[in-house]
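Trainee: So that you have it, the file is coords.txt, and it contains compact mmCIF, C-alpha atoms:
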# COMPACT_ATOMS: atom_id res chain seq x y z
CA MET A 1 -11.40 -19.21 4.58
CA THR A 2 -11.38 -20.14 0.88
CA LEU A 3 -15.19 -20.11 0.93
CA ILE A 4 -15.24 -16.55 2.30
CA GLN A 5 -12.70 -15.45 -0.32
CA SER A 6 -14.83 -16.99 -3.06
CA LEU A 7 -17.99 -15.34 -1.73
CA SER A 8 -16.17 -11.99 -1.50
CA ASN A 9 -15.25 -12.30 -5.17
CA ASP A 10 -18.81 -13.16 -6.16
CA TYR A 11 -20.42 -10.66 -3.78
CA PRO A 12 -18.16 -7.59 -3.31
CA ILE A 13 -20.56 -6.23 -0.68
CA LEU A 14 -19.38 -9.05 1.62
CA GLY A 15 -15.78 -7.90 1.26
CA LEU A 16 -16.84 -4.36 2.10
CA PHE A 17 -18.71 -5.62 5.18
CA ILE A 18 -15.58 -7.46 6.37
CA SER A 19 -13.53 -4.26 5.96
CA LEU A 20 -16.07 -2.41 8.08
CA LEU A 21 -15.95 -5.10 10.78
CA LEU A 22 -12.15 -4.92 10.87
CA TYR A 23 -12.37 -1.13 11.10
CA LEU A 24 -14.84 -1.40 13.99
CA SER A 25 -12.49 -3.83 15.74
CA PHE A 26 -9.76 -1.18 15.72
CA TYR A 27 -12.17 1.19 17.44
CA PHE A 28 -13.04 -1.54 19.96
CA ILE A 29 -9.36 -2.11 20.80
CA GLY A 30 -8.69 1.63 21.06
CA ASN A 31 -11.66 1.94 23.38
CA LEU A 32 -10.24 -0.83 25.59
CA ILE A 33 -6.87 0.93 25.72
CA THR A 34 -8.41 4.26 26.70
CA LEU A 35 -10.20 2.57 29.60
CA ASN A 36 -6.86 2.97 31.32
CA LYS A 37 -7.33 6.17 33.32
CA ARG A 38 -3.88 7.56 32.57
CA VAL A 39 -4.16 6.98 28.83
CA LYS A 40 -7.69 8.38 28.89
CA ASN A 41 -6.60 11.57 30.69
CA ILE A 42 -3.76 12.10 28.19
CA VAL A 43 -6.07 11.74 25.19
CA LEU A 44 -8.81 13.93 26.69
CA LYS A 45 -6.38 16.84 26.97
CA ILE A 46 -6.15 17.03 23.17
CA SER A 47 -9.37 15.49 21.86
CA ASN A 48 -12.62 13.68 22.50
CA LEU A 49 -11.99 9.93 22.82
CA GLU A 50 -14.47 9.03 20.06
CA TYR A 51 -12.24 10.68 17.46
CA GLN A 52 -9.04 8.95 18.60
CA ASN A 53 -10.01 5.40 19.58
CA THR A 54 -9.58 3.96 16.07
CA LEU A 55 -6.21 5.68 15.56
CA ILE A 56 -4.98 4.32 18.90
CA GLY A 57 -6.29 0.82 18.14
CA ILE A 58 -4.55 0.72 14.75
CA ASN A 59 -1.24 1.88 16.24
CA PHE A 60 -1.53 -0.94 18.77
CA ILE A 61 -2.32 -3.61 16.13
CA ILE A 62 0.74 -2.53 14.10
CA LEU A 63 2.93 -3.37 17.11
CA ILE A 64 1.73 -6.98 16.89
CA LEU A 65 1.44 -7.54 13.14
CA PHE A 66 4.59 -5.85 11.86
CA PRO A 67 7.20 -7.95 13.71
CA LEU A 68 5.25 -11.14 12.97
CA VAL A 69 5.35 -10.50 9.23
CA LEU A 70 8.98 -9.35 9.32
CA PHE A 71 10.55 -12.31 11.08
CA LEU A 72 8.14 -15.22 11.54
CA GLU A 73 8.11 -17.39 8.41
CA THR A 74 5.02 -19.27 9.60
CA SER A 75 3.08 -16.10 10.41
CA LYS A 76 0.33 -16.70 7.83
CA ASN A 77 -1.81 -18.82 10.15
CA LEU A 78 -1.25 -16.37 13.00
CA ILE A 79 -2.35 -13.46 10.80
CA ILE A 80 -5.47 -15.37 9.81
CA PHE A 81 -6.15 -16.12 13.49
CA ILE A 82 -5.71 -12.43 14.39
CA SER A 83 -8.03 -11.41 11.56
CA VAL A 84 -10.73 -13.79 12.83
CA ILE A 85 -10.41 -12.40 16.36
CA LEU A 86 -10.65 -8.87 14.99
CA ILE A 87 -13.76 -9.69 12.96
CA ILE A 88 -15.39 -11.09 16.11
CA LEU A 89 -14.48 -7.91 18.00
CA GLY A 90 -15.89 -5.92 15.09
CA PHE A 91 -19.20 -7.79 15.41
CA ILE A 92 -19.27 -7.00 19.13
CA GLN A 93 -18.61 -3.32 18.42
CA LEU A 94 -21.33 -3.31 15.76
CA ILE A 95 -23.83 -4.71 18.27
CA LEU A 96 -22.77 -2.06 20.81
CA LEU A 97 -23.31 0.67 18.22
CA VAL A 98 -26.79 -0.65 17.39
CA LEU A 99 -27.67 -0.70 21.10
CA LYS A 100 -26.42 2.88 21.48
CA SER A 101 -28.09 4.11 18.29
CA LYS A 102 -31.09 5.54 20.15
CA ILE A 103 -28.81 7.66 22.37
CA PHE A 104 -26.84 8.69 19.28
CA PHE A 105 -29.90 9.91 17.36
CA ASN A 106 -31.35 11.69 20.40
CA TYR A 107 -28.07 13.56 20.80
CA TYR A 108 -27.90 14.67 17.17
CA LYS A 109 -31.47 15.93 17.18
CA SER A 110 -30.26 18.95 19.14
CA VAL A 111 -27.12 19.77 17.14
CA SER A 112 -26.73 23.07 15.29
CA TYR A 113 -26.76 23.50 11.51
CA GLU A 114 -23.01 24.04 11.65
CA GLU A 115 -22.53 20.65 13.32
CA ILE A 116 -24.81 19.01 10.75
CA LEU A 117 -22.66 20.43 7.93
CA ILE A 118 -19.51 18.98 9.50
CA ILE A 119 -21.23 15.61 9.97
CA ILE A 120 -22.29 15.62 6.28
CA TYR A 121 -18.71 16.40 5.22
CA ILE A 122 -17.32 13.55 7.34
CA PHE A 123 -20.01 11.13 6.13
CA LEU A 124 -19.20 11.92 2.50
CA TYR A 125 -15.50 11.24 3.10
CA PHE A 126 -16.54 7.98 4.74
CA ILE A 127 -18.48 7.04 1.59
CA ILE A 128 -15.42 7.89 -0.53
CA SER A 129 -13.29 5.63 1.67
CA LEU A 130 -15.61 2.70 0.83
CA SER A 131 -14.66 2.88 -2.84
CA PRO A 132 -12.49 0.24 -4.55
CA ILE A 133 -8.78 0.89 -5.07
CA THR A 134 -8.17 2.82 -8.30
CA HIS A 135 -4.85 4.64 -7.71
CA ALA A 136 -2.14 3.32 -10.02
CA ASP A 137 0.70 3.10 -7.48
CA SER A 138 -1.65 1.62 -4.89
CA LEU A 139 -2.64 -1.10 -7.33
CA ASP A 140 1.01 -1.60 -8.26
CA TYR A 141 2.73 -2.11 -4.92
CA HIS A 142 0.53 -1.30 -1.90
CA MET A 143 -2.06 -3.81 -3.03
CA GLU A 144 0.51 -6.24 -4.45
CA VAL A 145 2.54 -6.31 -1.21
CA SER A 146 -0.61 -6.66 0.92
CA LYS A 147 -1.83 -9.58 -1.19
CA HIS A 148 1.60 -11.18 -0.92
CA ILE A 149 1.44 -10.92 2.89
CA ALA A 150 -2.10 -12.35 2.93
CA ALA A 151 -0.98 -15.29 0.78
CA THR A 152 2.41 -16.04 2.39
CA GLY A 153 2.49 -14.29 5.77
CA ASN A 154 5.71 -12.46 4.82
CA PHE A 155 6.93 -9.34 3.05
CA PRO A 156 8.24 -9.80 -0.52
CA SER A 157 12.05 -9.84 -0.42
CA SER A 158 12.52 -10.20 -4.18
CA LEU A 159 13.80 -7.17 -6.06
CA ASN A 160 12.00 -7.97 -9.32
CA ASN A 161 9.86 -4.88 -8.67
CA TYR A 162 11.73 -1.87 -7.27
CA HIS A 163 8.47 -0.36 -6.04
CA ASN A 164 8.39 -3.11 -3.42
CA LEU A 165 11.27 -1.27 -1.76
CA LEU A 166 8.72 1.29 -0.63
CA PHE A 167 6.48 -0.95 1.49
CA GLY A 168 6.02 -0.36 5.20
CA SER A 169 4.08 -1.62 8.18
CA GLY A 170 0.82 -0.24 6.76
CA GLU A 171 0.67 -3.10 4.27
CA THR A 172 0.35 -5.58 7.15
CA LEU A 173 -2.93 -3.89 8.12
CA MET A 174 -4.23 -3.96 4.56
CA ALA A 175 -3.33 -7.65 4.37
CA LEU A 176 -5.94 -8.37 7.06
CA GLY A 177 -8.58 -7.35 4.52
CA PHE A 178 -7.01 -9.11 1.54
CA ILE A 179 -7.19 -12.42 3.40
CA TYR A 180 -10.90 -12.15 2.55
CA ASN A 181 -10.45 -10.34 -0.79
CA SER A 182 -11.60 -7.18 0.95
CA GLU A 183 -9.82 -4.12 -0.43
CA GLN A 184 -11.41 -1.14 1.37
CA LEU A 185 -9.64 -1.55 4.72
CA GLY A 186 -6.69 0.63 3.65
CA ASN A 187 -9.05 3.47 2.71
CA LEU A 188 -10.85 3.17 6.05
CA ILE A 189 -7.53 3.38 7.88
CA GLN A 190 -6.99 6.68 6.05
CA PHE A 191 -10.45 7.80 7.15
CA SER A 192 -9.49 7.11 10.78
CA GLY A 193 -6.68 9.63 10.33
CA LEU A 194 -9.17 12.26 9.13
CA LEU A 195 -11.40 11.66 12.16
CA SER A 196 -8.39 12.00 14.47
CA LEU A 197 -7.38 15.33 12.88
CA ILE A 198 -10.89 16.74 13.20
CA GLY A 199 -11.00 15.66 16.85
CA ILE A 200 -7.72 17.46 17.59
CA ILE A 201 -8.81 20.60 15.74
CA ARG A 202 -12.16 20.76 17.53
CA CYS A 203 -10.51 20.43 20.93
CA ASN A 204 -7.67 22.92 20.39
CA SER A 205 -9.32 25.77 18.50
CA GLU A 206 -11.64 28.56 19.59
CA ASN A 207 -13.68 28.59 16.38
CA LYS A 208 -14.32 24.87 15.94
CA PHE A 209 -16.58 25.28 12.94
CA PHE A 210 -14.21 27.48 10.90
CA TYR A 211 -11.15 25.30 11.43
CA SER A 212 -13.06 22.06 10.87
CA ILE A 213 -14.58 23.29 7.61
CA ALA A 214 -11.25 24.74 6.48
CA ILE A 215 -9.66 21.30 6.82
CA LEU A 216 -12.60 19.30 5.47
CA SER A 217 -12.83 21.56 2.39
CA SER A 218 -9.38 20.59 1.18
CA PRO A 219 -9.69 18.71 -2.15
CA ALA A 220 -6.54 16.75 -1.24
CA LEU A 221 -8.64 14.81 1.26
CA ILE A 222 -10.59 13.27 -1.63
CA PHE A 223 -7.32 11.82 -2.90
CA LEU A 224 -6.18 10.71 0.55
CA CYS A 225 -9.44 9.08 1.64
CA SER A 226 -9.81 7.17 -1.63
CA SER A 227 -6.30 5.75 -1.44
CA PRO A 228 -5.04 2.91 0.79
CA LYS A 229 -1.63 4.59 1.10
CA PRO A 230 -1.54 5.29 4.86
CA GLN A 231 -0.28 8.87 4.54
CA LEU A 232 -3.23 10.48 6.29
CA PHE A 233 -3.07 7.95 9.11
CA ALA A 234 0.65 8.62 9.71
CA LEU A 235 0.04 12.37 9.46
CA ALA A 236 -2.71 12.12 12.10
CA SER A 237 -0.46 10.05 14.40
CA ASN A 238 2.20 12.75 14.19
CA ALA A 239 -0.42 15.48 14.65
CA PHE A 240 -1.49 13.67 17.83
CA VAL A 241 2.07 13.88 19.15
CA PHE A 242 2.48 17.47 17.91
CA SER A 243 -0.58 18.59 19.87
CA ILE A 244 0.97 17.10 23.02
CA VAL A 245 4.44 18.65 22.78
CA PHE A 246 3.44 21.93 21.09
CA PHE A 247 0.50 22.79 23.33
CA SER A 248 2.36 21.50 26.38
CA LYS A 249 0.66 23.85 28.84
CA GLN A 250 -2.24 21.40 28.91
CA PHE A 251 0.12 18.83 30.44
CA LYS A 252 1.27 20.80 33.49
CA LYS A 253 0.09 18.44 36.19
CA LEU A 254 1.61 15.06 35.41
CA ASP A 255 3.13 12.60 37.85
CA LYS A 256 5.92 10.17 36.98
CA LYS A 257 3.55 7.39 35.89
CA ASP A 258 1.73 9.81 33.60
CA LEU A 259 5.06 10.77 32.04
CA ILE A 260 5.93 7.10 31.48
CA TYR A 261 2.64 6.50 29.63
CA LEU A 262 3.12 9.72 27.67
CA SER A 263 6.67 8.68 26.70
CA PHE A 264 5.55 5.38 25.22
CA ILE A 265 2.57 6.91 23.40
CA ILE A 266 4.81 9.51 21.75
CA LEU A 267 7.53 7.01 20.80
CA ILE A 268 5.12 4.38 19.46
CA PHE A 269 3.21 6.91 17.35
CA ILE A 270 6.22 8.60 15.73
CA ILE A 271 8.08 5.32 15.06
CA ASN A 272 4.95 3.74 13.61
CA SER A 273 4.65 6.77 11.31
CA VAL A 274 8.17 6.22 9.95
CA ASN A 275 7.67 2.46 9.62
CA ILE A 276 4.44 3.09 7.72
CA LYS A 277 5.96 5.62 5.31
CA PHE A 278 9.65 6.53 5.41
CA SER A 279 9.02 10.12 4.26
CA PHE A 280 7.69 10.83 7.77
CA LEU A 281 11.24 10.47 9.12
CA LEU A 282 11.82 14.24 9.04
CA SER A 283 8.60 15.30 10.78
CA SER A 284 8.96 12.46 13.30
CA SER A 285 12.56 13.52 14.02
CA ILE A 286 11.45 17.11 14.67
CA LEU A 287 8.69 15.82 16.95
CA PHE A 288 11.27 13.73 18.80
CA ILE A 289 13.43 16.83 19.38
CA LEU A 290 10.36 18.72 20.64
CA SER A 291 9.65 15.77 22.93
CA LEU A 292 13.17 16.02 24.35
CA ILE A 293 12.54 19.66 25.20
CA PHE A 294 9.13 18.78 26.66
CA PHE A 295 10.53 16.07 28.95
CA TYR A 296 13.55 18.21 29.87
CA LYS A 297 11.13 20.79 31.28
CA LYS A 298 9.39 17.99 33.17
CA LYS A 299 12.78 16.83 34.59
CA PHE A 300 12.19 13.47 32.92
CA LEU A 301 14.73 13.71 30.09
CA LEU A 302 17.09 10.88 31.09
CA LYS A 303 14.28 8.36 31.50
CA PHE A 304 12.74 9.44 28.21
CA LEU A 305 16.08 8.91 26.46
CA ILE A 306 16.33 5.42 27.97
CA TYR A 307 12.79 4.59 26.85
CA SER A 308 13.62 5.98 23.39
CA ILE A 309 16.57 3.62 23.02
CA ILE A 310 14.52 0.64 24.19
CA VAL A 311 11.51 1.39 21.97
CA GLY A 312 13.78 2.24 19.02
CA LEU A 313 15.61 -1.08 19.33
CA ILE A 314 12.32 -2.98 19.50
CA LEU A 315 10.24 -1.10 16.91
CA TYR A 316 12.60 0.66 14.49
CA LEU A 317 15.80 -1.38 14.30
CA PRO A 318 14.18 -4.71 13.23
CA PHE A 319 12.93 -3.23 9.93
CA ILE A 320 16.43 -1.91 9.20
CA VAL A 321 17.97 -5.29 9.98
CA TRP A 322 15.42 -7.00 7.72
CA LYS A 323 16.32 -4.70 4.80
CA TYR A 324 20.05 -5.25 5.35
CA HIS A 325 19.58 -9.02 5.56
CA TYR A 326 17.58 -9.35 2.32
CA TRP A 327 18.84 -6.43 0.23
CA GLY A 328 22.40 -5.93 1.44
CA GLY A 329 24.08 -2.54 1.17
CA ASP A 330 25.08 -0.31 4.07
CA LEU A 331 23.31 -0.91 7.40
CA ILE A 332 23.74 2.72 8.51
CA ASN A 333 22.27 3.95 5.23
CA TYR A 334 18.89 2.41 6.10
CA PHE A 335 18.52 4.77 9.06
CA ILE A 336 18.24 7.73 6.67
CA SER A 337 17.01 6.14 3.44
CA PRO A 338 14.57 3.36 2.49
CA PHE A 339 16.70 2.37 -0.50
CA PRO A 340 19.59 -0.13 -0.63
CA ASN A 341 22.52 1.89 -2.01
CA ASN A 342 24.22 -1.18 -3.51
CA LEU A 343 21.65 -1.91 -6.23
CA GLN A 344 22.33 -1.05 -9.84
CA GLY A 345 19.94 1.58 -11.16
CA ILE A 346 18.68 2.63 -7.71
CA ASP A 347 19.71 6.28 -8.29
CA TYR A 348 17.64 6.38 -11.48
CA PHE A 349 14.69 4.93 -9.59
CA LYS A 350 14.99 7.52 -6.80
CA ASN A 351 15.19 10.37 -9.29
CA TYR A 352 12.14 8.99 -11.07
CA LEU A 353 10.15 8.88 -7.83
CA ILE A 354 11.19 12.35 -6.73
CA GLY A 355 10.85 14.05 -10.10
CA TYR A 356 7.78 12.38 -11.63
CA LYS A 357 5.23 15.11 -12.47
CA ARG A 358 6.74 17.42 -9.84
CA SER A 359 6.81 20.67 -11.78
CA TYR A 360 4.59 22.37 -9.21
CA SER A 361 4.89 25.92 -7.95
CA PHE A 362 3.58 27.17 -4.61
CA PHE A 363 0.38 28.46 -6.26
CA ASP A 364 -0.32 25.01 -7.71
CA LEU A 365 -1.06 23.91 -4.15
CA ILE A 366 -3.92 26.41 -4.02
CA ILE A 367 -5.24 26.60 -7.58
CA PRO A 368 -5.22 23.46 -9.77
CA LYS A 369 -3.47 23.52 -13.14
CA ASN A 370 -6.28 21.47 -14.61
CA PHE A 371 -9.25 19.37 -13.54
CA GLY A 372 -7.05 16.27 -13.25
CA SER A 373 -4.92 17.91 -10.55
CA PHE A 374 -7.90 19.19 -8.52
CA THR A 375 -7.41 16.62 -5.74
CA ASN A 376 -3.73 17.56 -5.41
CA ILE A 377 -4.45 21.02 -3.98
CA ILE A 378 -5.19 22.19 -0.45
CA GLY A 379 -7.60 24.89 -1.70
CA ILE A 380 -9.12 27.28 0.83
CA THR A 381 -7.35 25.41 3.61
CA PHE A 382 -4.52 27.81 2.77
CA LEU A 383 -6.49 30.44 4.73
CA LEU A 384 -5.44 28.67 7.92
CA CYS A 385 -2.01 30.28 7.44
CA PHE A 386 -3.60 33.67 8.16
CA ALA A 387 -5.44 32.27 11.17
CA LEU A 388 -2.04 31.44 12.69
CA LEU A 389 -1.48 35.16 13.15
CA LYS A 390 -3.99 35.02 15.99
CA LEU A 391 -1.67 32.79 18.00
CA LYS A 392 0.23 34.26 20.91
CA THR A 393 3.59 35.68 19.91
CA TYR A 394 5.76 32.99 21.55
CA VAL A 395 3.60 30.21 20.09
CA LEU A 396 3.64 31.77 16.61
CA THR A 397 7.42 32.26 16.78
CA LYS A 398 7.91 28.62 17.72
CA PHE A 399 5.59 27.47 14.92
CA ILE A 400 7.33 29.61 12.27
CA PHE A 401 10.75 28.40 13.43
CA LEU A 402 9.72 24.74 13.20
CA SER A 403 8.14 25.25 9.78
CA ALA A 404 11.27 27.02 8.52
CA VAL A 405 13.53 24.21 9.79
CA TYR A 406 11.31 21.62 8.09
CA LEU A 407 11.25 23.45 4.76
CA ILE A 408 14.99 24.21 4.79
CA ILE A 409 15.87 20.55 5.39
CA ILE A 410 13.52 19.47 2.59
What does the file become when written as structure tokens?

Mentor:
Amino acid sequence: MTLIQSLSNDYPILGLFISLLLYLSFYFIGNLITLNKRVKNIVLKISNLEYQNTLIGINFIILILFPLVLFLETSKNLIIFISVILIILGFIQLILLVLKSKIFFNYYKSVSYEEILIIIYIFLYFIISLSPITHADSLDYHMEVSKHIAATGNFPSSLNNYHNLLFGSGETLMALGFIYNSEQLGNLIQFSGLLSLIGIIRCNSENKFFYSIAILSSPALIFLCSSPKPQLFALASNAFVFSIVFFSKQFKKLDKKDLIYLSFIILIFIINSVNIKFSFLLSSSILFILSLIFFYKKKFLLKFLIYSIIVGLILYLPFIVWKYHYWGGDLINYFISPFPNNLQGIDYFKNYLIGYKRSYSFFDLIIPKNFGSFTNIIGITFLLCFALLKLKTYVLTKFIFLSAVYLIII
């Protein structure tokens, strides 16, 4: 292992190759999961499998890694073992891709110019995701926490750096790369979120080209794909759930076993989103309420509530208990805030995080103030707001209501 780390330092291309193998292993695992007919049928109702396999695989790996790092003091060797297994699976997936390359190129010989443009866009974002980490806060705590996990097998519990209060389960994934001094894995995880979003858009829109280009043209994606902060991944996981509960007419014919699988997919995805980045608590909570309505209509509400309690106790509560154990404060407070309310200066830190360079107006989301803020805007993606007017009245009303609730709470 030390030899590989040394070689990765001397030859950065090796570290990049390891990140790619780990990324391919996530796809391999997602592909195995979607071999289950019920899971496959659920995914196919909202997207092509190829777009979602990596997202599904990553969500599954988080379920294994996160509790290990939280509570097992000797998890370092286990994490190394898991990383080795994943690299082997990545090699297998790479071989499978090479064997299928002829079919792949034959298929894309017949694609339209519009499809080629979308492929070029996606490829360029993929190239961006291969770049080294340059974002200041990513270097400060995302990378620092991930390296700490890779070195010790545990999260940092020391409060010497208040930014460490902001870590989540996403750092456990990045740590798999830092075992080998490979830093691009976090960016590639972000890229998997972009692929997932494009897959959902292309399956659920009439004009696939317009909506795909509208999303891909957003300058904010340059920022998101070049950063290991797993915001785009969590956003895509929630978008996956949103497309299930919002466009629920696609899920008319479901038996009880289908509903059980659907329950666990929804709960795992939204809880993983919160564990990855606490700011997704609001959107995940709204999605949970929509899920309650969805399962009520399916006459499956009681069972879904029972599953919610079980999954919440297993996936969400442990992180809260960990924070309370190491940082003290109020246990209940951790359900609604990532910060321990007993620490001196914590209010100043929160105000700093919330207020730092936040003098934006609504128009600053569309037109940049200066060249430095170009990747903070959504750009022409704003036009999608007008495209919403084409939705059926009851769907548009529901969408506007949910958006209003979200903005009011914020």

Trainee: Could you check which of A:Phe251, A:Phe71, A:Phe26, A:Ile119 is closest to Lys45 of chain A, using all atoms listed in the file?

Mentor: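 Checking each candidate against Lys45 of chain A, we get A:Phe251 as the closest.
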
Trainee: Fewer than 2 positions away in the same chain doesn't count, so skip those; otherwise give me all residues within 8 Å of Tyr141 of chain A, counting only C-alpha atoms, as a list of chain:residue names.

Mentor: A:Asp137, A:Ser138, A:Leu139, A:Met143, A:Glu144, A:Val145, A:His163, A:Asn164, A:Phe167

Trainee: What is the atom CA of Phe233 of chain A to atom CA of Gln190 of chain A distance in Å?

Mentor: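 These two atoms are separated by 5.1 Å.
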
Trainee: If I take atom CA of Asn376 of chain A and atom CA of Ile244 of chain A, how far is one from the other in Å, to one decimal?

Mentor: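 Interatomic distance, atom CA of Asn376 of chain A to atom CA of Ile244 of chain A: 28.8 Å.
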
Trainee: At most 7 Å from (-10.1, -2.5, 7.4), file frame, only C-alpha atoms: which residues, as an mmCIF file with C-alpha atoms, in the coordinates of the input?

Mentor:
data_model
loop_
_atom_site.group_PDB
_atom_site.id
_atom_site.type_symbol
_atom_site.label_atom_id
_atom_site.label_comp_id
_atom_site.auth_asym_id
_atom_site.auth_seq_id
_atom_site.Cartn_x
_atom_site.Cartn_y
_atom_site.Cartn_z
ATOM 1 C CA SER A 19 -13.530 -4.260 5.960
ATOM 2 C CA LEU A 20 -16.070 -2.410 8.080
ATOM 3 C CA LEU A 22 -12.150 -4.920 10.870
ATOM 4 C CA TYR A 23 -12.370 -1.130 11.100
ATOM 5 C CA MET A 174 -4.230 -3.960 4.560
ATOM 6 C CA GLY A 177 -8.580 -7.350 4.520
ATOM 7 C CA GLN A 184 -11.410 -1.140 1.370
ATOM 8 C CA LEU A 185 -9.640 -1.550 4.720
ATOM 9 C CA GLY A 186 -6.690 0.630 3.650
ATOM 10 C CA LEU A 188 -10.850 3.170 6.050
ATOM 11 C CA ILE A 189 -7.530 3.380 7.880
#

Trainee: Excluding segment 323-327 of chain A and any residue of its chain fewer than 4 positions from it, enumerate the residues within 9 Å of it, using all atoms listed in the file, and give them as an mmCIF file with C-alpha atoms, in the coordinates of the input.

Mentor:
data_model
loop_
_atom_site.group_PDB
_atom_site.id
_atom_site.type_symbol
_atom_site.label_atom_id
_atom_site.label_comp_id
_atom_site.auth_asym_id
_atom_site.auth_seq_id
_atom_site.Cartn_x
_atom_site.Cartn_y
_atom_site.Cartn_z
ATOM 1 C CA SER A 157 12.050 -9.840 -0.420
ATOM 2 C CA SER A 158 12.520 -10.200 -4.180
ATOM 3 C CA LEU A 159 13.800 -7.170 -6.060
ATOM 4 C CA LEU A 165 11.270 -1.270 -1.760
ATOM 5 C CA PRO A 318 14.180 -4.710 13.230
ATOM 6 C CA PHE A 319 12.930 -3.230 9.930
ATOM 7 C CA LEU A 331 23.310 -0.910 7.400
ATOM 8 C CA TYR A 334 18.890 2.410 6.100
ATOM 9 C CA PRO A 338 14.570 3.360 2.490
ATOM 10 C CA PHE A 339 16.700 2.370 -0.500
ATOM 11 C CA PRO A 340 19.590 -0.130 -0.630
ATOM 12 C CA ASN A 342 24.220 -1.180 -3.510
ATOM 13 C CA LEU A 343 21.650 -1.910 -6.230
#

Trainee: Please indicate the distance in Å from atom CA of Phe191 of chain A to atom CA of Tyr121 of chain A, rounded to one decimal place.

Mentor: 12.1 Å

Trainee: From the set A:Tyr162, A:Ala151, A:Gln93, A:Lys208, which residue has the shortest atom-to-atom contact distance to Gly345 of chain A, counting all atoms listed in the file?

Mentor: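 Selected residue with least distance to Gly345 of chain A: A:Tyr162.
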
Trainee: Using all atoms listed in the file, which of the listed residues (A:Tyr316, A:Phe178, A:Phe247, A:Tyr296) sits closest to Ile276 of chain A?

Mentor: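 Using all atoms listed in the file, Ile276 of chain A sits closest to A:Tyr316.
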
Trainee: Rank A:Glu73, A:Glu50, A:Glu183, A:Asp330 by their smallest atom-to-atom distance to Ile18 of chain A, using only C-alpha atoms, and report the top residue only.

Mentor: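 Looking only at the distances to Ile18 of chain A, the closest residue turns out to be A:Glu183.
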
Trainee: Have a look at A:Tyr180, A:Tyr406, A:Phe155, A:Phe240 and name the one nearest to Gly193 of chain A; count all atoms listed in the file.

Mentor: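 Residue with the minimum atom-to-atom distance to Gly193 of chain A: A:Phe240.
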
Trainee: Mind checking which residues fall within 12 Å of segment 81-86 of chain A, counting only C-alpha atoms, ignoring those fewer than 4 positions away in the same chain, and posting them as an mmCIF file with C-alpha atoms, in the frame of the given file?

Mentor:
data_model
loop_
_atom_site.group_PDB
_atom_site.id
_atom_site.type_symbol
_atom_site.label_atom_id
_atom_site.label_comp_id
_atom_site.auth_asym_id
_atom_site.auth_seq_id
_atom_site.Cartn_x
_atom_site.Cartn_y
_atom_site.Cartn_z
ATOM 1 C CA MET A 1 -11.400 -19.210 4.580
ATOM 2 C CA ILE A 4 -15.240 -16.550 2.300
ATOM 3 C CA ILE A 18 -15.580 -7.460 6.370
ATOM 4 C CA SER A 19 -13.530 -4.260 5.960
ATOM 5 C CA LEU A 20 -16.070 -2.410 8.080
ATOM 6 C CA LEU A 21 -15.950 -5.100 10.780
ATOM 7 C CA LEU A 22 -12.150 -4.920 10.870
ATOM 8 C CA TYR A 23 -12.370 -1.130 11.100
ATOM 9 C CA LEU A 24 -14.840 -1.400 13.990
ATOM 10 C CA SER A 25 -12.490 -3.830 15.740
ATOM 11 C CA PHE A 26 -9.760 -1.180 15.720
ATOM 12 C CA TYR A 27 -12.170 1.190 17.440
ATOM 13 C CA PHE A 28 -13.040 -1.540 19.960
ATOM 14 C CA ILE A 29 -9.360 -2.110 20.800
ATOM 15 C CA GLY A 57 -6.290 0.820 18.140
ATOM 16 C CA ILE A 58 -4.550 0.720 14.750
ATOM 17 C CA ILE A 61 -2.320 -3.610 16.130
ATOM 18 C CA ILE A 62 0.740 -2.530 14.100
ATOM 19 C CA ILE A 64 1.730 -6.980 16.890
ATOM 20 C CA LEU A 65 1.440 -7.540 13.140
ATOM 21 C CA LEU A 68 5.250 -11.140 12.970
ATOM 22 C CA SER A 75 3.080 -16.100 10.410
ATOM 23 C CA LYS A 76 0.330 -16.700 7.830
ATOM 24 C CA ASN A 77 -1.810 -18.820 10.150
ATOM 25 C CA GLY A 90 -15.890 -5.920 15.090
ATOM 26 C CA PHE A 91 -19.200 -7.790 15.410
ATOM 27 C CA ILE A 92 -19.270 -7.000 19.130
ATOM 28 C CA GLN A 93 -18.610 -3.320 18.420
ATOM 29 C CA ALA A 150 -2.100 -12.350 2.930
ATOM 30 C CA GLY A 153 2.490 -14.290 5.770
ATOM 31 C CA THR A 172 0.350 -5.580 7.150
ATOM 32 C CA LEU A 173 -2.930 -3.890 8.120
ATOM 33 C CA MET A 174 -4.230 -3.960 4.560
ATOM 34 C CA ALA A 175 -3.330 -7.650 4.370
ATOM 35 C CA LEU A 176 -5.940 -8.370 7.060
ATOM 36 C CA GLY A 177 -8.580 -7.350 4.520
ATOM 37 C CA PHE A 178 -7.010 -9.110 1.540
ATOM 38 C CA ILE A 179 -7.190 -12.420 3.400
ATOM 39 C CA TYR A 180 -10.900 -12.150 2.550
ATOM 40 C CA SER A 182 -11.600 -7.180 0.950
#

Trainee: Find the residue from A:Ile127, A:Val245, A:Leu117, A:Leu14 that sits nearest to Asn181 of chain A; use all atoms listed in the file when measuring.

Mentor: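 Once distances to Asn181 of chain A are computed over all atoms listed in the file, the minimum belongs to A:Leu14.
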
Trainee: Pick out the residues sitting within 10 Å of Phe242 of chain A, and hand them over as a PyMOL selection string; count all atoms listed in the file, and ignore anything fewer than 6 positions along from it in its own chain.

Mentor: chain A and resi 236+248+266+270+283-284+286-288+290-291

Trainee: Can you tell me, as number ranges by chain, what residues are no more than 9 Å from Val395 of chain A when counting only C-alpha atoms, ignoring any on the same chain fewer than 4 positions away?

Mentor: A: 246-247, 391, 399-400
